[in-house]
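Containing mmCIF, C-alpha atoms: input_3.cif.
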data_query
loop_
_atom_site.group_PDB
_atom_site.id
_atom_site.type_symbol
_atom_site.label_atom_id
_atom_site.label_comp_id
_atom_site.auth_asym_id
_atom_site.auth_seq_id
_atom_site.Cartn_x
_atom_site.Cartn_y
_atom_site.Cartn_z
ATOM 1 C CA MET A 300 86.367 99.133 123.496
ATOM 2 C CA THR A 301 89.416 100.876 122.068
ATOM 3 C CA PHE A 302 90.969 99.831 118.781
ATOM 4 C CA ALA A 303 94.090 98.676 120.661
ATOM 5 C CA ALA A 304 92.036 95.922 122.272
ATOM 6 C CA GLY A 305 90.967 94.635 118.859
ATOM 7 C CA PRO A 306 93.866 92.237 118.220
ATOM 8 C CA TYR A 307 93.476 90.666 121.670
ATOM 9 C CA VAL A 308 89.757 90.120 121.119
ATOM 10 C CA ILE A 309 90.456 88.556 117.732
ATOM 11 C CA VAL A 310 93.140 86.260 119.142
ATOM 12 C CA GLY A 311 90.728 85.257 121.918
ATOM 13 C CA LEU A 312 87.951 84.513 119.424
ATOM 14 C CA MET A 313 90.358 82.533 117.239
ATOM 15 C CA ALA A 314 91.452 80.452 120.237
ATOM 16 C CA LEU A 315 87.813 79.884 121.205
ATOM 17 C CA ASN A 316 87.047 78.855 117.639
ATOM 18 C CA ILE A 317 89.914 76.352 117.600
ATOM 19 C CA VAL A 318 88.821 74.829 120.925
ATOM 20 C CA LEU A 319 85.234 74.575 119.688
ATOM 21 C CA LEU A 320 86.276 72.854 116.449
ATOM 22 C CA ALA A 321 88.634 70.518 118.303
ATOM 23 C CA VAL A 322 85.878 69.508 120.733
ATOM 24 C CA LEU A 323 83.462 68.946 117.851
ATOM 25 C CA LEU A 324 86.022 66.796 116.056
ATOM 26 C CA ALA A 325 86.510 64.727 119.214
ATOM 27 C CA GLN A 326 82.787 64.396 120.028
ATOM 28 C CA ARG A 327 81.284 63.511 116.663
ATOM 29 C CA GLU A 328 78.240 61.849 118.207
ATOM 30 C CA TRP A 329 77.064 65.325 119.227
ATOM 31 C CA PHE A 330 75.922 65.932 115.678
ATOM 32 C CA MET A 331 72.932 63.714 116.248
ATOM 33 C CA GLN A 332 71.608 66.381 118.614
ATOM 34 C CA ARG A 333 70.355 69.837 117.789
ATOM 35 C CA LEU A 334 72.897 71.543 120.071
ATOM 36 C CA GLY A 335 75.775 69.833 118.250
ATOM 37 C CA LYS A 336 74.490 71.067 114.913
ATOM 38 C CA VAL A 337 74.161 74.596 116.218
ATOM 39 C CA LEU A 338 77.683 74.451 117.665
ATOM 40 C CA LEU A 339 78.968 73.173 114.330
ATOM 41 C CA LEU A 340 77.266 76.027 112.495
ATOM 42 C CA LEU A 341 78.843 78.426 114.945
ATOM 43 C CA GLY A 342 82.316 76.869 114.927
ATOM 44 C CA ALA A 343 82.637 76.042 111.246
ATOM 45 C CA LEU A 344 80.884 78.982 109.628
ATOM 46 C CA ALA A 345 79.736 81.916 111.761
ATOM 47 C CA LEU A 346 82.739 82.395 114.044
ATOM 48 C CA PRO A 347 85.408 81.870 111.323
ATOM 49 C CA ALA A 348 83.610 84.379 109.070
ATOM 50 C CA LEU A 349 83.573 86.957 111.874
ATOM 51 C CA VAL A 350 87.145 86.318 112.953
ATOM 52 C CA LEU A 351 88.419 86.283 109.374
ATOM 53 C CA SER A 352 86.910 89.627 108.426
ATOM 54 C CA ALA A 353 88.123 91.247 111.651
ATOM 55 C CA ALA A 354 91.625 89.766 111.315
ATOM 56 C CA VAL A 355 91.942 90.960 107.710
ATOM 57 C CA HIS A 356 90.811 94.440 108.733
ATOM 58 C CA ILE A 357 93.252 94.653 111.657
ATOM 59 C CA ASN A 358 96.154 93.316 109.608
ATOM 60 C CA MET A 359 95.392 95.742 106.785
ATOM 61 C CA GLU A 360 95.257 98.658 109.232
ATOM 62 C CA ASN A 361 98.499 97.669 110.969
ATOM 63 C CA SER A 362 100.332 97.251 107.685
ATOM 64 C CA LYS A 363 99.584 100.877 106.774
ATOM 65 C CA GLU A 364 101.946 102.096 109.491
ATOM 66 C CA VAL A 365 105.300 103.644 108.694
ATOM 67 C CA SER A 366 106.979 101.317 111.207
ATOM 68 C CA PHE A 367 105.730 98.343 109.179
ATOM 69 C CA CYS A 368 107.114 99.754 105.912
ATOM 70 C CA LEU A 369 110.450 100.486 107.573
ATOM 71 C CA SER A 370 110.699 97.006 109.083
ATOM 72 C CA CYS A 371 112.529 95.991 105.881
ATOM 73 C CA HIS A 372 116.077 97.362 105.943
ATOM 74 C CA GLU A 373 115.817 98.423 102.279
ATOM 75 C CA MET A 374 113.389 101.122 103.372
ATOM 76 C CA GLU A 375 115.497 102.526 106.224
ATOM 77 C CA ALA A 376 117.039 105.281 104.104
ATOM 78 C CA TYR A 377 113.577 106.379 102.983
ATOM 79 C CA GLY A 378 112.455 106.543 106.596
ATOM 80 C CA GLU A 379 115.508 108.599 107.522
ATOM 81 C CA SER A 380 114.806 110.979 104.648
ATOM 82 C CA LEU A 381 111.520 111.899 106.329
ATOM 83 C CA GLU A 382 113.362 113.091 109.416
ATOM 84 C CA GLU A 383 116.015 115.154 107.593
ATOM 85 C CA ASP A 384 116.188 118.892 108.177
ATOM 86 C CA ASP A 385 115.506 119.831 104.552
ATOM 87 C CA ASP A 386 112.611 121.985 103.375
ATOM 88 C CA GLU A 387 113.199 121.076 99.734
ATOM 89 C CA ARG A 388 112.260 117.418 99.927
ATOM 90 C CA ILE A 389 108.623 116.883 99.099
ATOM 91 C CA PRO A 390 108.070 113.800 101.343
ATOM 92 C CA THR A 391 109.954 115.428 104.224
ATOM 93 C CA ILE A 392 107.883 118.626 104.328
ATOM 94 C CA HIS A 393 104.666 116.634 104.000
ATOM 95 C CA TYR A 394 105.706 114.388 106.888
ATOM 96 C CA GLN A 395 107.121 117.053 109.182
ATOM 97 C CA ASN A 396 104.225 119.493 108.709
ATOM 98 C CA ASN A 397 101.581 116.811 109.294
ATOM 99 C CA TRP A 398 100.197 117.243 105.765
ATOM 100 C CA VAL A 399 99.896 113.471 105.792
ATOM 101 C CA HIS A 400 99.179 111.298 108.836
ATOM 102 C CA LYS A 401 102.598 110.747 110.370
ATOM 103 C CA GLU A 402 101.943 107.126 111.256
ATOM 104 C CA LYS A 403 100.626 106.345 107.762
ATOM 105 C CA ALA A 404 102.849 108.604 105.664
ATOM 106 C CA CYS A 405 104.182 105.906 103.269
ATOM 107 C CA TYR A 406 100.733 104.469 102.686
ATOM 108 C CA GLU A 407 99.054 107.821 102.029
ATOM 109 C CA CYS A 408 101.417 108.842 99.230
ATOM 110 C CA HIS A 409 102.200 105.434 97.734
ATOM 111 C CA THR A 410 98.729 103.951 97.516
ATOM 112 C CA ASP A 411 96.411 104.781 94.650
ATOM 113 C CA TYR A 412 93.338 106.721 95.704
ATOM 114 C CA THR A 413 91.108 104.349 93.786
ATOM 115 C CA LEU A 414 88.626 101.657 94.769
ATOM 116 C CA TYR A 415 91.164 98.853 94.401
ATOM 117 C CA GLY A 416 94.215 100.943 95.375
ATOM 118 C CA PRO A 417 94.714 99.341 98.818
ATOM 119 C CA ILE A 418 94.283 95.823 97.389
ATOM 120 C CA LYS A 419 96.765 96.579 94.620
ATOM 121 C CA ALA A 420 99.191 97.895 97.247
ATOM 122 C CA LYS A 421 98.870 94.698 99.302
ATOM 123 C CA ILE A 422 99.461 92.484 96.260
ATOM 124 C CA GLN A 423 102.552 94.528 95.472
ATOM 125 C CA GLY A 424 103.560 94.040 99.112
ATOM 126 C CA LEU A 425 103.498 90.280 98.568
ATOM 127 C CA LEU A 426 105.756 90.740 95.540
ATOM 128 C CA HIS A 427 108.107 92.801 97.712
ATOM 129 C CA MET A 428 108.256 89.878 100.167
ATOM 130 C CA ASN A 429 109.305 87.617 97.316
ATOM 131 C CA VAL A 430 112.014 90.074 96.248
ATOM 132 C CA HIS A 431 113.190 90.665 99.835
ATOM 133 C CA TYR A 432 113.608 87.003 100.740
ATOM 134 C CA PHE A 433 114.286 85.174 97.470
ATOM 135 C CA LYS A 434 115.649 87.534 94.829
ATOM 136 C CA GLY A 435 117.321 90.298 96.805
ATOM 137 C CA ALA A 436 116.438 93.960 96.506
ATOM 138 C CA PRO A 437 117.808 95.856 93.480
ATOM 139 C CA LYS A 438 120.565 98.388 94.084
ATOM 140 C CA LYS A 439 118.292 101.237 93.153
ATOM 141 C CA ILE A 440 114.687 100.897 94.238
ATOM 142 C CA GLU A 441 112.189 102.519 91.915
ATOM 143 C CA ILE A 442 108.411 102.724 91.935
ATOM 144 C CA TYR A 443 106.597 100.471 89.454
ATOM 145 C CA GLN A 444 105.378 103.308 87.250
ATOM 146 C CA PRO A 445 105.855 107.082 87.105
ATOM 147 C CA TYR A 446 104.203 108.758 90.086
ATOM 148 C CA ASN A 447 100.602 109.588 89.278
ATOM 149 C CA ASN A 448 99.749 113.294 89.652
ATOM 150 C CA ARG A 449 96.316 112.213 90.831
ATOM 151 C CA GLU A 450 97.771 111.460 94.277
ATOM 152 C CA CYS A 451 99.104 115.054 94.522
ATOM 153 C CA LEU A 452 96.093 116.799 93.014
ATOM 154 C CA ARG A 453 93.714 114.951 95.288
ATOM 155 C CA CYS A 454 94.748 117.283 98.098
ATOM 156 C CA HIS A 455 96.368 120.226 96.307
ATOM 157 C CA GLU A 456 93.902 120.962 93.542
ATOM 158 C CA GLY A 457 91.656 123.751 94.700
ATOM 159 C CA ALA A 458 93.937 124.618 97.613
ATOM 160 C CA LYS A 459 94.666 128.359 97.930
ATOM 161 C CA LYS A 460 98.439 128.014 97.786
ATOM 162 C CA PHE A 461 98.300 125.768 94.737
ATOM 163 C CA GLU A 462 95.824 127.913 92.843
ATOM 164 C CA GLU A 463 97.630 131.188 93.608
ATOM 165 C CA THR A 464 101.089 129.978 92.644
ATOM 166 C CA GLU A 465 102.118 132.042 89.631
ATOM 167 C CA TYR A 466 103.610 129.155 87.683
ATOM 168 C CA HIS A 467 100.419 127.129 88.047
ATOM 169 C CA GLN A 468 98.464 129.991 86.452
ATOM 170 C CA GLN A 469 100.852 130.807 83.586
ATOM 171 C CA ASP A 470 99.684 128.175 81.152
ATOM 172 C CA PRO A 471 95.975 127.283 81.174
ATOM 173 C CA LYS A 472 96.729 123.989 79.425
ATOM 174 C CA MET A 473 99.109 122.929 82.159
ATOM 175 C CA ARG A 474 96.245 121.773 84.397
ATOM 176 C CA VAL A 475 95.082 119.442 81.641
ATOM 177 C CA ARG A 476 98.606 118.113 81.136
ATOM 178 C CA LEU A 477 98.913 117.475 84.879
ATOM 179 C CA LYS A 478 95.583 115.703 85.051
ATOM 180 C CA THR A 479 96.439 113.472 82.108
ATOM 181 C CA ASN A 480 99.956 112.842 83.463
ATOM 182 C CA LYS A 481 101.533 114.287 80.319
ATOM 183 C CA GLN A 482 103.429 116.578 82.635
ATOM 184 C CA SER A 483 104.608 115.443 86.052
ATOM 185 C CA CYS A 484 104.475 117.488 89.241
ATOM 186 C CA MET A 485 107.988 116.165 89.788
ATOM 187 C CA ASP A 486 109.438 117.391 86.506
ATOM 188 C CA LYS A 487 112.882 118.931 86.622
ATOM 189 C CA GLY A 488 112.660 122.470 87.924
ATOM 190 C CA CYS A 489 109.273 121.883 89.546
ATOM 191 C CA HIS A 490 108.922 119.644 92.627
ATOM 192 C CA ASP A 491 111.836 117.398 91.722
ATOM 193 C CA VAL A 492 113.452 116.914 95.142
ATOM 194 C CA ILE A 493 111.970 113.706 96.472
ATOM 195 C CA HIS A 494 113.514 111.262 98.957
ATOM 196 C CA GLU A 495 117.037 111.828 97.554
ATOM 197 C CA VAL A 496 118.242 108.507 98.878
ATOM 198 C CA TYR A 497 120.698 107.943 96.040
ATOM 199 C CA SER A 498 123.528 110.224 95.050
ATOM 200 C CA ASP A 499 123.598 111.549 91.465
ATOM 201 C CA ASP A 500 126.269 109.104 90.292
ATOM 202 C CA GLU A 501 124.153 106.053 91.243
ATOM 203 C CA MET B 44 73.067 60.355 107.019
ATOM 204 C CA MET B 45 75.065 62.128 109.726
ATOM 205 C CA ASN B 46 76.664 58.750 110.468
ATOM 206 C CA ASP B 47 77.808 58.279 106.894
ATOM 207 C CA PRO B 48 81.620 58.591 107.099
ATOM 208 C CA LYS B 49 81.910 59.348 103.375
ATOM 209 C CA MET B 50 79.447 62.177 103.637
ATOM 210 C CA MET B 51 81.046 63.635 106.754
ATOM 211 C CA ARG B 52 84.649 63.209 105.645
ATOM 212 C CA TRP B 53 84.770 66.606 103.941
ATOM 213 C CA LEU B 54 83.365 68.211 107.061
ATOM 214 C CA TRP B 55 86.270 66.911 109.155
ATOM 215 C CA ILE B 56 88.755 67.950 106.511
ATOM 216 C CA GLY B 57 87.139 71.397 106.535
ATOM 217 C CA CYS B 58 87.370 71.644 110.328
ATOM 218 C CA ALA B 59 91.042 70.652 110.225
ATOM 219 C CA LEU B 60 91.714 73.280 107.556
ATOM 220 C CA GLU B 61 89.963 75.924 109.612
ATOM 221 C CA ILE B 62 91.928 75.015 112.751
ATOM 222 C CA THR B 63 95.222 75.291 110.835
ATOM 223 C CA GLY B 64 94.209 78.614 109.268
ATOM 224 C CA LEU B 65 93.094 79.999 112.627
ATOM 225 C CA LEU B 66 96.371 78.911 114.252
ATOM 226 C CA LEU B 67 98.235 80.841 111.571
ATOM 227 C CA GLY B 68 95.951 83.789 112.310
ATOM 228 C CA ILE B 69 96.783 83.674 116.027
ATOM 229 C CA ILE B 70 100.514 83.529 115.312
ATOM 230 C CA SER B 71 100.166 86.405 112.827
ATOM 231 C CA ALA B 72 98.218 88.597 115.254
ATOM 232 C CA ALA B 73 100.537 87.806 118.154
ATOM 233 C CA LEU B 74 103.834 88.383 116.375
ATOM 234 C CA PHE B 75 102.751 90.945 113.764
ATOM 235 C CA HIS B 76 105.736 90.199 111.593
ATOM 236 C CA ARG B 77 105.786 90.448 107.805
ATOM 237 C CA ILE B 78 106.470 86.700 107.416
ATOM 238 C CA THR B 79 103.630 85.511 109.663
ATOM 239 C CA MET B 80 101.324 88.099 108.139
ATOM 240 C CA THR B 81 102.150 86.908 104.626
ATOM 241 C CA LEU B 82 101.635 83.283 105.665
ATOM 242 C CA PHE B 83 98.241 84.178 107.088
ATOM 243 C CA PHE B 84 97.193 86.061 103.954
ATOM 244 C CA VAL B 85 98.563 83.507 101.481
ATOM 245 C CA ILE B 86 97.859 80.224 103.309
ATOM 246 C CA GLY B 87 95.719 80.898 106.405
ATOM 247 C CA ILE B 88 92.870 82.828 104.804
ATOM 248 C CA PRO B 89 92.392 80.390 101.870
ATOM 249 C CA MET B 90 92.439 77.495 104.375
ATOM 250 C CA ILE B 91 89.677 79.058 106.491
ATOM 251 C CA LEU B 92 87.623 79.908 103.400
ATOM 252 C CA LEU B 93 88.075 76.362 102.066
ATOM 253 C CA GLY B 94 87.000 74.965 105.439
ATOM 254 C CA MET B 95 83.847 77.059 105.329
ATOM 255 C CA VAL B 96 83.143 75.863 101.796
ATOM 256 C CA CYS B 97 83.590 72.236 102.963
ATOM 257 C CA TYR B 98 81.003 72.826 105.698
ATOM 258 C CA ILE B 99 78.502 74.426 103.317
ATOM 259 C CA VAL B 100 78.978 71.670 100.712
ATOM 260 C CA THR B 101 78.474 68.964 103.359
ATOM 261 C CA VAL B 102 75.303 70.617 104.646
ATOM 262 C CA ILE B 103 73.929 70.928 101.110
ATOM 263 C CA ARG B 104 74.785 67.286 100.331
ATOM 264 C CA VAL B 105 73.100 66.082 103.525
ATOM 265 C CA ILE B 106 70.007 68.173 102.823
ATOM 266 C CA ILE B 107 69.781 66.928 99.241
ATOM 267 C CA SER B 108 70.271 63.270 100.193
ATOM 268 C CA LYS B 109 67.976 63.212 103.212
ATOM 269 C CA GLY B 110 65.820 66.252 102.998
ATOM 270 C CA ALA B 111 66.990 67.682 106.338
ATOM 271 C CA PHE B 112 70.237 68.261 108.226
#

Do you think you could lay out the structure here as structure tokens?
Amino acid sequence: MTFAAGPYVIVGLMALNIVLLAVLLAQREWFMQRLGKVLLLLGALALPALVLSAAVHINMENSKEVSFCLSCHEMEAYGESLEEDDDERIPTIHYQNNWVHKEKACYECHTDYTLYGPIKAKIQGLLHMNVHYFKGAPKKIEIYQPYNNRECLRCHEGAKKFEETEYHQQDPKMRVRLKTNKQSCMDKGCHDVIHEVYSDDE
Amino acid sequence: MMNDPKMMRWLWIGCALEITGLLLGIISAALFHRITMTLFFVIGIPMILLGMVCYIVTVIRVIISKGAF
């Protein structure tokens, strides 16, 4: 079975579960028999547990896709910035050179590489829904906290190009400052060209 | 004990909650839109979990009161 068939299987199981529960609700006298009790165990506990875990997994996977992030119009400019012909922009070169998975580019850079990172990202997603529909997006969208160097160093630390770059070797204490976020990879003069969605006067 | 309406009431409520949660799940999976997905995560999943809890609680109550389900 391919992953693409997953949602259809889940929908089918959900429909089966609903029919089973509806029948059990209509035929309550069945509970006096062993078969009825087994069906109830299946319909009220086993099948919902299976369907629930699979549905959460599929929804979580689908929501990692760039197309999902860009489904809100506030994000359109960020999506366009990935396609620009500009070798200076950090997200653009990562996206265009396949340094991140193209279909999960937003998720890979903007989710903490920690145990609860994906959960935190989903909770923030719910807050974004609230802002999108009830409060209205701010004129200038900013990330919640300064970008954590950990997300950069996870891939770059130890990489030949990173280690051999002269500036990275100049100051031995710089590595410590980067790891403790006292110095940002995106400091002015370093890797400071990001999405560049806003002009300087904004 | 299985005929006791008071005892079984929570089971029916649980089943109804599960059906509603699963319906939201079907809509969410079929449309895959941010609104339906949020509804499923915020309302659907707690409903299904609550329904499962109702079932477990009913089974435990029946076992305690009668000694067997």

Draw an axis-aligned box tight on the listed atoms of region 96-99 of chain B, then pad every side by 6 Å and write out centre and edge lengths in Å to one decimal as lines of an AutoDock Vina configuration file.
center_x = 81.0
center_y = 74.0
center_z = 103.7
size_x = 17.1
size_y = 15.6
size_z = 15.9

Worksheet item: So what does the PyMOL selection byres ((chain B) within 7 of (chain A)) actually pick up in this one, as a PyMOL selection string?
Response: chain B and resi 55+58+62+65+69+72+95+98

Practice prompt. Please identify all polymer residues within 8 Å of region 468-483 of chain A, counting all atoms listed in the file, omitting same-chain residues fewer than 4 positions from it, and present them as a list in words.
Written response: Tyr446, Asn447, Asn448, Arg449, Glu462, Glu463 and Thr464 of chain A

Discussion item. Give me, as an MDAnalysis selection string, all polymer residues having an atom no more than 12 Å from Ile56 (chain B), counting all atoms listed in the file and skipping those fewer than 2 positions away in the same chain.
Written reply: (chainID A and resid 320 324 343) or (chainID B and resid 48:54 58:63 90:91 93:98 100:101)

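Residues in contact range of Lys439 (chain A), defined as at most 10 Å between all atoms listed in the file, with sequence neighbours fewer than 2 positions away removed, read Glu373, Ala436, Pro437, Glu441, Val496, Tyr497 and Glu501 of chain A.
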
Worksheet entry | Hits from the PyMOL selection byres ((chain B and resi 85) around 12), listed as number ranges by chain | A: 355, 421-422, 424-426, 428; B: 64, 67-68, 71, 77-84, 86-92

Practice prompt. Please provide as JSON, numbers by chain all residues within 9 Å of Tyr412 (chain A), with the sequence filter that same-chain residues fewer than 2 positions apart are discarded (counting only C-alpha atoms).
Written response: {"A": [407, 410, 414, 415, 416, 417, 449, 450, 453]}

Discussion item. What's the separation between CA of Cys405 (chain A) and CA of Lys487 (chain A), in Å to one decimal place?
Written reply: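 Distance between the two atoms: 22.9 Å.
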
Discussion item. Would you compute the distance between CA of Ile392 (chain A) and CA of Lys460 (chain A)? Give it in Å to one decimal.
Written reply: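 Between CA of Ile392 (chain A) and CA of Lys460 (chain A) the gap is 14.8 Å.
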
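Distance-wise, CA of Arg388 (chain A) and CA of His494 (chain A) end up 6.4 Å apart.
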
Neighbour list for Trp398 (chain A) as a tab-separated table (two decimals) with C-alpha atoms, in the frame of the given file, cut-off 12 Å, all atoms listed in the file, skip fewer than 3 positions in-chain:
chain	number	residue	atom	x	y	z
A	389	ILE	CA	108.62	116.88	99.10
A	390	PRO	CA	108.07	113.80	101.34
A	391	THR	CA	109.95	115.43	104.22
A	392	ILE	CA	107.88	118.63	104.33
A	393	HIS	CA	104.67	116.63	104.00
A	394	TYR	CA	105.71	114.39	106.89
A	395	GLN	CA	107.12	117.05	109.18
A	401	LYS	CA	102.60	110.75	110.37
A	402	GLU	CA	101.94	107.13	111.26
A	403	LYS	CA	100.63	106.34	107.76
A	404	ALA	CA	102.85	108.60	105.66
A	407	GLU	CA	99.05	107.82	102.03
A	408	CYS	CA	101.42	108.84	99.23
A	451	CYS	CA	99.10	115.05	94.52
A	454	CYS	CA	94.75	117.28	98.10
A	455	HIS	CA	96.37	120.23	96.31

Regenerate region 83-96 of chain B at the level of N, CA and C atoms and dump it as a tab-separated table (two decimals), in the frame of the given file.
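So the final result, stored in selection30.tsv, reads:
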chain	number	residue	atom	x	y	z
B	83	PHE	N	99.67	84.13	106.79
B	83	PHE	CA	98.24	84.18	107.09
B	83	PHE	C	97.44	84.57	105.85
B	84	PHE	N	97.93	85.59	105.13
B	84	PHE	CA	97.19	86.06	103.95
B	84	PHE	C	97.24	85.04	102.81
B	85	VAL	N	98.39	84.39	102.63
B	85	VAL	CA	98.56	83.51	101.48
B	85	VAL	C	98.05	82.10	101.77
B	86	ILE	N	98.26	81.60	102.99
B	86	ILE	CA	97.86	80.22	103.31
B	86	ILE	C	96.67	80.19	104.27
B	87	GLY	N	96.74	80.96	105.35
B	87	GLY	CA	95.72	80.90	106.40
B	87	GLY	C	94.32	81.25	105.92
B	88	ILE	N	94.20	82.38	105.25
B	88	ILE	CA	92.87	82.83	104.80
B	88	ILE	C	92.25	81.84	103.81
B	89	PRO	N	92.99	81.39	102.77
B	89	PRO	CA	92.39	80.39	101.87
B	89	PRO	C	91.98	79.11	102.60
B	90	MET	N	92.78	78.71	103.61
B	90	MET	CA	92.44	77.50	104.38
B	90	MET	C	91.10	77.66	105.10
B	91	ILE	N	90.93	78.81	105.75
B	91	ILE	CA	89.68	79.06	106.49
B	91	ILE	C	88.50	79.11	105.52
B	92	LEU	N	88.70	79.80	104.39
B	92	LEU	CA	87.62	79.91	103.40
B	92	LEU	C	87.27	78.53	102.84
B	93	LEU	N	88.30	77.72	102.59
B	93	LEU	CA	88.08	76.36	102.07
B	93	LEU	C	87.32	75.51	103.09
B	94	GLY	N	87.69	75.68	104.36
B	94	GLY	CA	87.00	74.96	105.44
B	94	GLY	C	85.53	75.33	105.50
B	95	MET	N	85.25	76.61	105.32
B	95	MET	CA	83.85	77.06	105.33
B	95	MET	C	83.10	76.49	104.13
B	96	VAL	N	83.76	76.44	103.00
B	96	VAL	CA	83.14	75.86	101.80
B	96	VAL	C	82.84	74.38	102.04
